[in-house]
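Heads up, final-v3.cif below (mmCIF, C-alpha atoms):
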```cif
data_data
loop_
_atom_site.label_atom_id
_atom_site.label_comp_id
_atom_site.auth_asym_id
_atom_site.auth_seq_id
_atom_site.Cartn_x
_atom_site.Cartn_y
_atom_site.Cartn_z
CA MET A 4 -39.15 -92.22 -55.16
CA ASN A 5 -41.56 -90.14 -53.09
CA ALA A 6 -42.64 -88.07 -56.09
CA THR A 7 -43.28 -91.28 -58.07
CA PHE A 8 -45.50 -92.53 -55.27
CA TYR A 9 -47.49 -89.30 -54.98
CA VAL A 10 -48.08 -88.92 -58.73
CA ALA A 11 -49.18 -92.57 -59.01
CA ALA A 12 -51.46 -92.16 -55.99
CA VAL A 13 -53.12 -89.05 -57.45
CA ILE A 14 -53.60 -90.83 -60.80
CA ALA A 15 -55.13 -93.82 -59.01
CA LEU A 16 -57.58 -91.61 -57.12
CA LEU A 17 -58.51 -89.52 -60.18
CA SER A 18 -59.12 -92.51 -62.43
CA THR A 19 -61.10 -94.33 -59.70
CA LEU A 20 -63.26 -91.24 -59.33
CA CYS A 21 -63.87 -91.37 -63.08
CA VAL A 22 -64.76 -95.10 -62.87
CA ILE A 23 -67.65 -94.49 -60.47
CA SER A 24 -68.89 -91.37 -62.28
CA ARG A 25 -68.87 -92.43 -65.97
CA ALA A 26 -72.17 -93.34 -67.60
CA ASN A 27 -70.63 -95.45 -70.38
CA GLY A 28 -69.31 -98.87 -69.42
CA VAL A 29 -66.34 -98.89 -71.81
CA HIS A 30 -65.12 -95.47 -70.63
CA ALA A 31 -65.34 -96.60 -67.00
CA LEU A 32 -63.37 -99.75 -67.91
CA LEU A 33 -60.60 -97.70 -69.52
CA TYR A 34 -60.29 -95.62 -66.35
CA LEU A 35 -60.40 -98.76 -64.20
CA ILE A 36 -57.45 -100.21 -66.14
CA VAL A 37 -55.51 -96.94 -65.66
CA SER A 38 -56.35 -97.08 -61.95
CA LEU A 39 -55.02 -100.65 -61.67
CA LEU A 40 -51.82 -99.69 -63.50
CA ALA A 41 -51.32 -96.75 -61.12
CA VAL A 42 -51.83 -99.03 -58.11
CA ALA A 43 -49.26 -101.41 -59.64
CA LEU A 44 -46.77 -98.51 -59.70
CA VAL A 45 -47.59 -97.81 -56.05
CA PHE A 46 -46.79 -101.49 -55.29
CA TYR A 47 -43.47 -101.03 -57.06
CA THR A 48 -42.55 -97.95 -55.02
CA LEU A 49 -43.39 -99.95 -51.88
CA GLY A 50 -40.81 -102.58 -52.85
CA ALA A 51 -43.32 -105.22 -53.97
CA ALA A 52 -42.18 -105.67 -57.57
CA PHE A 53 -43.61 -109.20 -57.87
CA ALA A 54 -47.07 -108.06 -56.73
CA ALA A 55 -46.86 -105.15 -59.19
CA ALA A 56 -46.19 -107.55 -62.07
CA LEU A 57 -49.08 -109.80 -60.97
CA GLU A 58 -51.38 -106.77 -60.70
CA VAL A 59 -50.66 -105.81 -64.31
CA ILE A 60 -50.81 -109.35 -65.73
CA ILE A 61 -53.78 -110.79 -63.84
CA TYR A 62 -55.85 -107.78 -62.78
CA ALA A 63 -55.33 -105.30 -65.63
CA GLY A 64 -54.84 -108.15 -68.10
CA ALA A 65 -56.99 -111.20 -67.48
CA ILE A 66 -59.81 -109.92 -65.24
CA MET A 67 -60.32 -106.74 -67.27
CA VAL A 68 -60.55 -108.78 -70.47
CA LEU A 69 -63.54 -110.59 -68.91
CA PHE A 70 -65.15 -107.25 -68.15
CA VAL A 71 -64.50 -105.97 -71.68
CA PHE A 72 -66.12 -109.09 -73.17
CA VAL A 73 -69.24 -108.76 -71.04
CA VAL A 74 -69.60 -105.00 -71.59
CA MET A 75 -69.29 -105.54 -75.33
CA MET A 76 -71.93 -108.31 -75.19
CA MET A 77 -74.31 -106.02 -73.31
CA ASN A 78 -73.88 -103.20 -75.80
CA LEU A 79 -74.87 -105.17 -78.90
CA GLY A 80 -77.99 -104.08 -80.74
CA LYS A 81 -79.25 -100.55 -81.29
CA ALA A 82 -77.13 -98.45 -83.64
CA THR A 83 -73.86 -100.20 -82.88
CA ALA A 84 -72.06 -98.72 -85.87
CA ALA A 85 -72.92 -95.15 -84.90
CA ARG A 86 -71.65 -95.75 -81.40
CA GLU A 87 -68.42 -97.25 -82.70
CA ALA A 88 -67.87 -94.12 -84.78
CA ARG A 89 -68.56 -91.93 -81.77
CA TRP A 90 -66.12 -93.90 -79.61
CA MET A 91 -63.34 -93.12 -82.03
CA SER A 92 -63.48 -89.39 -81.28
CA PRO A 93 -60.30 -88.23 -79.50
CA ARG A 94 -61.84 -86.55 -76.49
CA LEU A 95 -63.17 -89.88 -75.22
CA TRP A 96 -59.84 -91.63 -75.01
CA ALA A 97 -57.83 -88.47 -74.21
CA GLY A 98 -58.39 -88.75 -70.45
CA PRO A 99 -57.15 -92.34 -69.98
CA GLY A 100 -54.47 -91.69 -72.59
CA VAL A 101 -53.00 -88.69 -70.72
CA LEU A 102 -53.10 -90.50 -67.36
CA SER A 103 -51.40 -93.64 -68.68
CA GLY A 104 -48.89 -91.42 -70.54
CA ILE A 105 -47.86 -89.93 -67.19
CA LEU A 106 -47.49 -93.47 -65.82
CA THR A 107 -45.29 -94.42 -68.81
CA VAL A 108 -43.04 -91.40 -68.19
CA GLN A 109 -42.74 -92.44 -64.54
CA LEU A 110 -41.89 -96.01 -65.51
CA GLY A 111 -39.16 -94.71 -67.82
CA TYR A 112 -37.84 -92.50 -65.01
CA VAL A 113 -37.76 -95.39 -62.56
CA LEU A 114 -36.03 -97.67 -65.07
CA ALA A 115 -33.50 -94.97 -66.05
CA THR A 116 -32.52 -94.01 -62.50
CA GLY A 117 -32.67 -97.60 -61.21
CA ALA A 118 -34.44 -96.54 -58.03
CA VAL A 119 -36.03 -99.76 -56.79
CA GLY A 120 -38.22 -99.68 -53.73
CA PRO A 121 -37.57 -98.09 -50.35
CA ALA A 122 -33.87 -97.67 -49.65
CA ALA A 123 -33.95 -98.78 -46.01
CA LEU A 124 -36.12 -101.88 -46.38
CA ALA A 125 -34.99 -104.92 -48.32
CA PRO A 126 -37.49 -105.54 -51.15
CA VAL A 127 -39.29 -108.87 -50.83
CA SER A 128 -38.15 -111.11 -53.67
CA PRO A 129 -40.37 -113.58 -55.58
CA ARG A 130 -38.23 -116.35 -54.04
CA ASP A 131 -39.33 -115.40 -50.51
CA ILE A 132 -42.95 -115.29 -51.65
CA GLY A 133 -42.71 -118.73 -53.23
CA ILE A 134 -41.13 -120.22 -50.11
CA ALA A 135 -43.81 -118.67 -47.91
CA LEU A 136 -46.58 -119.72 -50.30
CA PHE A 137 -45.62 -123.40 -50.37
CA GLY A 138 -44.37 -123.54 -46.79
CA PRO A 139 -46.71 -122.24 -44.09
CA TYR A 140 -49.46 -121.25 -46.54
CA VAL A 141 -49.73 -124.48 -48.53
CA LEU A 142 -53.19 -125.23 -47.11
CA CYS A 143 -54.40 -121.83 -48.34
CA VAL A 144 -53.06 -122.66 -51.82
CA GLU A 145 -55.16 -125.83 -51.81
CA LEU A 146 -58.21 -123.86 -50.65
CA ALA A 147 -57.61 -121.31 -53.42
CA SER A 148 -57.50 -124.10 -56.00
CA MET A 149 -60.79 -125.47 -54.69
CA LEU A 150 -62.29 -121.96 -54.87
CA LEU A 151 -61.16 -121.54 -58.47
CA LEU A 152 -62.57 -124.95 -59.42
CA ALA A 153 -65.90 -124.08 -57.78
CA ALA A 154 -65.96 -120.72 -59.57
CA LEU A 155 -65.20 -122.43 -62.90
CA VAL A 156 -68.03 -124.96 -62.53
CA GLY A 157 -70.39 -122.35 -61.07
CA ALA A 158 -69.78 -119.78 -63.80
CA TYR A 159 -70.28 -122.43 -66.49
CA ARG A 160 -73.50 -123.65 -64.92
CA ILE A 161 -74.94 -120.19 -64.27
CA ALA A 162 -74.12 -118.69 -67.65
CA ASN A 163 -75.33 -121.74 -69.59
CA ALA A 164 -78.97 -121.05 -70.36
CA GLU A 165 -79.42 -124.31 -72.27
CA LEU A 166 -79.22 -126.41 -69.11
CA GLU A 167 -82.15 -124.61 -67.55
CA ARG A 168 -84.56 -125.26 -70.39
CA ARG A 169 -84.22 -129.02 -70.13
CA MET B 2 -37.91 -95.93 -42.06
CA ALA B 3 -38.99 -96.35 -45.63
CA SER B 4 -38.66 -93.50 -48.10
CA VAL B 5 -42.33 -93.81 -49.00
CA PRO B 6 -44.46 -92.68 -46.03
CA LEU B 7 -46.51 -95.73 -45.18
CA GLN B 8 -49.16 -93.75 -43.35
CA GLN B 9 -49.96 -91.85 -46.53
CA ALA B 10 -49.97 -95.08 -48.52
CA MET B 11 -52.53 -96.44 -46.01
CA ILE B 12 -54.62 -93.27 -46.50
CA LEU B 13 -54.52 -93.97 -50.26
CA ALA B 14 -55.82 -97.50 -49.60
CA ILE B 15 -58.61 -96.11 -47.38
CA LEU B 16 -59.61 -93.54 -50.00
CA LEU B 17 -59.69 -96.15 -52.78
CA PHE B 18 -61.82 -98.44 -50.60
CA ALA B 19 -64.20 -95.56 -49.80
CA LEU B 20 -64.52 -94.70 -53.50
CA GLY B 21 -65.35 -98.33 -54.30
CA LEU B 22 -67.93 -98.44 -51.51
CA ALA B 23 -69.47 -95.19 -52.77
CA GLY B 24 -69.65 -96.72 -56.25
CA VAL B 25 -71.47 -99.82 -54.97
CA ILE B 26 -73.97 -97.65 -53.10
CA MET B 27 -74.54 -95.03 -55.81
CA ARG B 28 -74.67 -97.03 -59.03
CA ARG B 29 -77.70 -99.05 -60.11
CA ASN B 30 -76.01 -100.90 -62.96
CA PHE B 31 -74.76 -104.44 -62.23
CA VAL B 32 -71.56 -104.03 -64.26
CA PHE B 33 -70.62 -100.82 -62.45
CA MET B 34 -71.35 -102.36 -59.07
CA LEU B 35 -69.05 -105.29 -59.91
CA MET B 36 -66.33 -102.83 -61.01
CA SER B 37 -66.68 -100.96 -57.69
CA ILE B 38 -66.30 -104.25 -55.80
CA GLU B 39 -63.10 -104.84 -57.79
CA ILE B 40 -61.84 -101.42 -56.66
CA MET B 41 -62.57 -102.33 -53.03
CA LEU B 42 -60.77 -105.69 -53.32
CA ASN B 43 -57.82 -103.94 -54.92
CA ALA B 44 -57.66 -101.39 -52.08
CA THR B 45 -57.63 -104.25 -49.57
CA GLY B 46 -54.74 -105.84 -51.46
CA LEU B 47 -52.92 -102.51 -51.35
CA ALA B 48 -53.33 -102.41 -47.56
CA PHE B 49 -51.81 -105.92 -47.30
CA ILE B 50 -48.88 -104.90 -49.53
CA ILE B 51 -48.26 -101.81 -47.37
CA ALA B 52 -48.25 -103.89 -44.18
CA GLY B 53 -45.93 -106.48 -45.75
CA SER B 54 -43.60 -103.71 -46.90
CA ARG B 55 -43.64 -102.15 -43.42
CA TRP B 56 -42.28 -105.31 -41.79
CA GLY B 57 -40.30 -106.55 -44.79
CA GLN B 58 -42.15 -109.89 -44.76
CA ALA B 59 -43.45 -111.94 -47.68
CA ASP B 60 -46.81 -112.60 -45.97
CA GLY B 61 -48.37 -109.38 -47.27
CA GLN B 62 -47.73 -110.32 -50.87
CA VAL B 63 -48.91 -113.91 -50.23
CA MET B 64 -52.20 -112.49 -48.96
CA PHE B 65 -52.35 -110.24 -52.05
CA LEU B 66 -52.01 -113.37 -54.20
CA PHE B 67 -55.00 -114.94 -52.41
CA ILE B 68 -57.03 -111.73 -52.84
CA LEU B 69 -56.16 -111.87 -56.55
CA THR B 70 -57.45 -115.46 -56.74
CA LEU B 71 -60.60 -114.45 -54.87
CA ALA B 72 -61.18 -111.52 -57.23
CA ALA B 73 -60.81 -113.75 -60.29
CA ALA B 74 -63.31 -116.29 -58.92
CA GLU B 75 -65.72 -113.54 -57.86
CA VAL B 76 -65.60 -111.83 -61.25
CA ALA B 77 -66.22 -115.07 -63.13
CA VAL B 78 -69.32 -115.94 -61.10
CA GLY B 79 -70.52 -112.31 -60.94
CA LEU B 80 -70.31 -111.80 -64.69
CA ALA B 81 -72.08 -115.12 -65.31
CA LEU B 82 -74.89 -113.94 -63.00
CA ILE B 83 -75.04 -110.62 -64.86
CA ILE B 84 -75.39 -112.42 -68.20
CA ARG B 85 -78.26 -114.53 -66.82
CA LEU B 86 -80.01 -111.53 -65.28
CA ARG B 87 -79.68 -109.67 -68.53
CA HIS B 88 -81.29 -112.62 -70.36
CA ARG B 89 -84.14 -112.86 -67.87
CA LEU B 90 -84.88 -109.20 -67.03
CA ASP B 91 -83.71 -107.56 -70.27
CA THR B 92 -82.04 -104.83 -68.24
CA LEU B 93 -78.93 -104.28 -66.08
CA ASP B 94 -80.81 -102.24 -63.47
CA SER B 95 -80.32 -103.85 -60.06
CA ASP B 96 -83.70 -102.49 -58.87
CA ALA B 97 -85.39 -104.71 -61.46
CA ALA B 98 -84.11 -107.87 -59.71
CA ASN B 99 -86.71 -107.75 -56.94
CA LEU B 100 -88.22 -111.22 -57.27
CA LEU B 101 -87.36 -111.93 -53.62
CA GLN B 102 -89.23 -108.76 -52.56
CA GLY B 103 -86.37 -107.82 -50.25
#
```
Target format structure tokens, applied to this file:
Amino acid sequence: MNATFYVAAVIALLSTLCVISRANGVHALLYLIVSLLAVALVFYTLGAAFAAALEVIIYAGAIMVLFVFVVMMMNLGKATAAREARWMSPRLWAGPGVLSGILTVQLGYVLATGAVGPAALAPVSPRDIGIALFGPYVLCVELASMLLLAALVGAYRIANAELERR
Amino acid sequence: MASVPLQQAMILAILLFALGLAGVIMRRNFVFMLMSIEIMLNATGLAFIIAGSRWGQADGQVMFLFILTLAAAEVAVGLALIIRLRHRLDTLDSDAANLLQG
């Protein structure tokens, strides 16, 4: 389990370094997704399987889709077709591909050996999280729902240019 | 004692946070700055998960859930602001948004 943690940690650091050093937005996004997947594997080795699943589904899934949409909107215009052709060249997706390939091998290893979390500590189950979330933290859940509603209305209002012209 | 050394996991969280901070400081593109902020939020969540795993409590993961919610709200508003700035300034350079003369 230690080796899994170290490899995932190195992949997370490498891909994060690539995120802040790439010039192209889409390349940086690919590395950011790999970084989030590696951090999800770190969560898993720490015994937080539920948080690892949420990291993949919400962070690497939903939030990154927003980023991809906006980056694609920003890139429209000059010589889009030529850029698309250039993006298809293998050396651009080789880096994220190799890193996520290593993560896939690790996932297969973890699933095959059945090594779940630290041996000494009991992994925290989703049931415990749910009980804690709707027990002592229920006020925070309400606050989070208010925050999400405010973000929804705010994002709609800010991004809607038609309202301003009136 | 857990099999994964928690001190080293904490060092990983610190390094990820430092990389995100360096990204916010170094980049001048709004999209990259928002991505770096995401990295920093993620590193904070990692620190909470490590602490929760250290004591075997669910509170760490509950806090991670709230950070996840916060990140989603922040990204939605941040990207909307980026779209508006792009419409108004025709660029993604953060130095161009100097109307407040800060």
(request) Considering all atoms listed in the file, state which residue in the set A:Val59, A:Leu33, A:Leu95, A:Val71 is at the smallest distance from Phe46 (chain A). (result)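 Among the listed residues, A:Val59 lies closest to Phe46 (chain A).
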(request) Output the residue selection produced by the PyMOL selection byres ((chain A) within 6 of (chain B)) on the file above, formatted as a list in words. (result)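 So the PyMOL selection byres ((chain A) within 6 of (chain B)), applied here, picks out Asn5, Ile23, Pro121, Ala123, Ile132, Leu151, Ala154, Ala158, Ile161 and Ala162 of chain A.
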(request) Record the distance separating CA of Ile61 (chain A) and CA of Val42 (chain A), expressed in Å with one decimal. (result)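 These atoms are spaced 13.2 Å apart.
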(message) Under the PyMOL selection byres ((chain A and resi 17) around 12), which residues of this model are included? Write them out as an MDAnalysis selection string.
(response) (chainID A and resid 10:16 18:24 31 34:35 37:39 41:42 98:99 101:103) or (chainID B and resid 13 16:17 20)
(request) State, in Å with one decimal place, the distance from CA of Arg29 (chain B) to CA of Ser95 (chain B). (result)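 CA of Ser95 (chain B) lies at a distance of 5.5 Å from CA of Arg29 (chain B).
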(request) Point out the residue among A:Ala52, A:Leu136, A:Leu32, A:Thr107 with the least atom-to-atom distance to Phe72 (chain A), counting all atoms listed in the file. (result) A:Leu32
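CA of Ala97 (chain A) lies 20.8 Å from CA of Val68 (chain A).
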(request) Check which residues satisfy the PyMOL selection byres ((chain A and resi 109) around 10) in the file shown, then give them as a PyMOL selection string. (result) chain A and resi 6-8+10-11+44+103-108+110-115
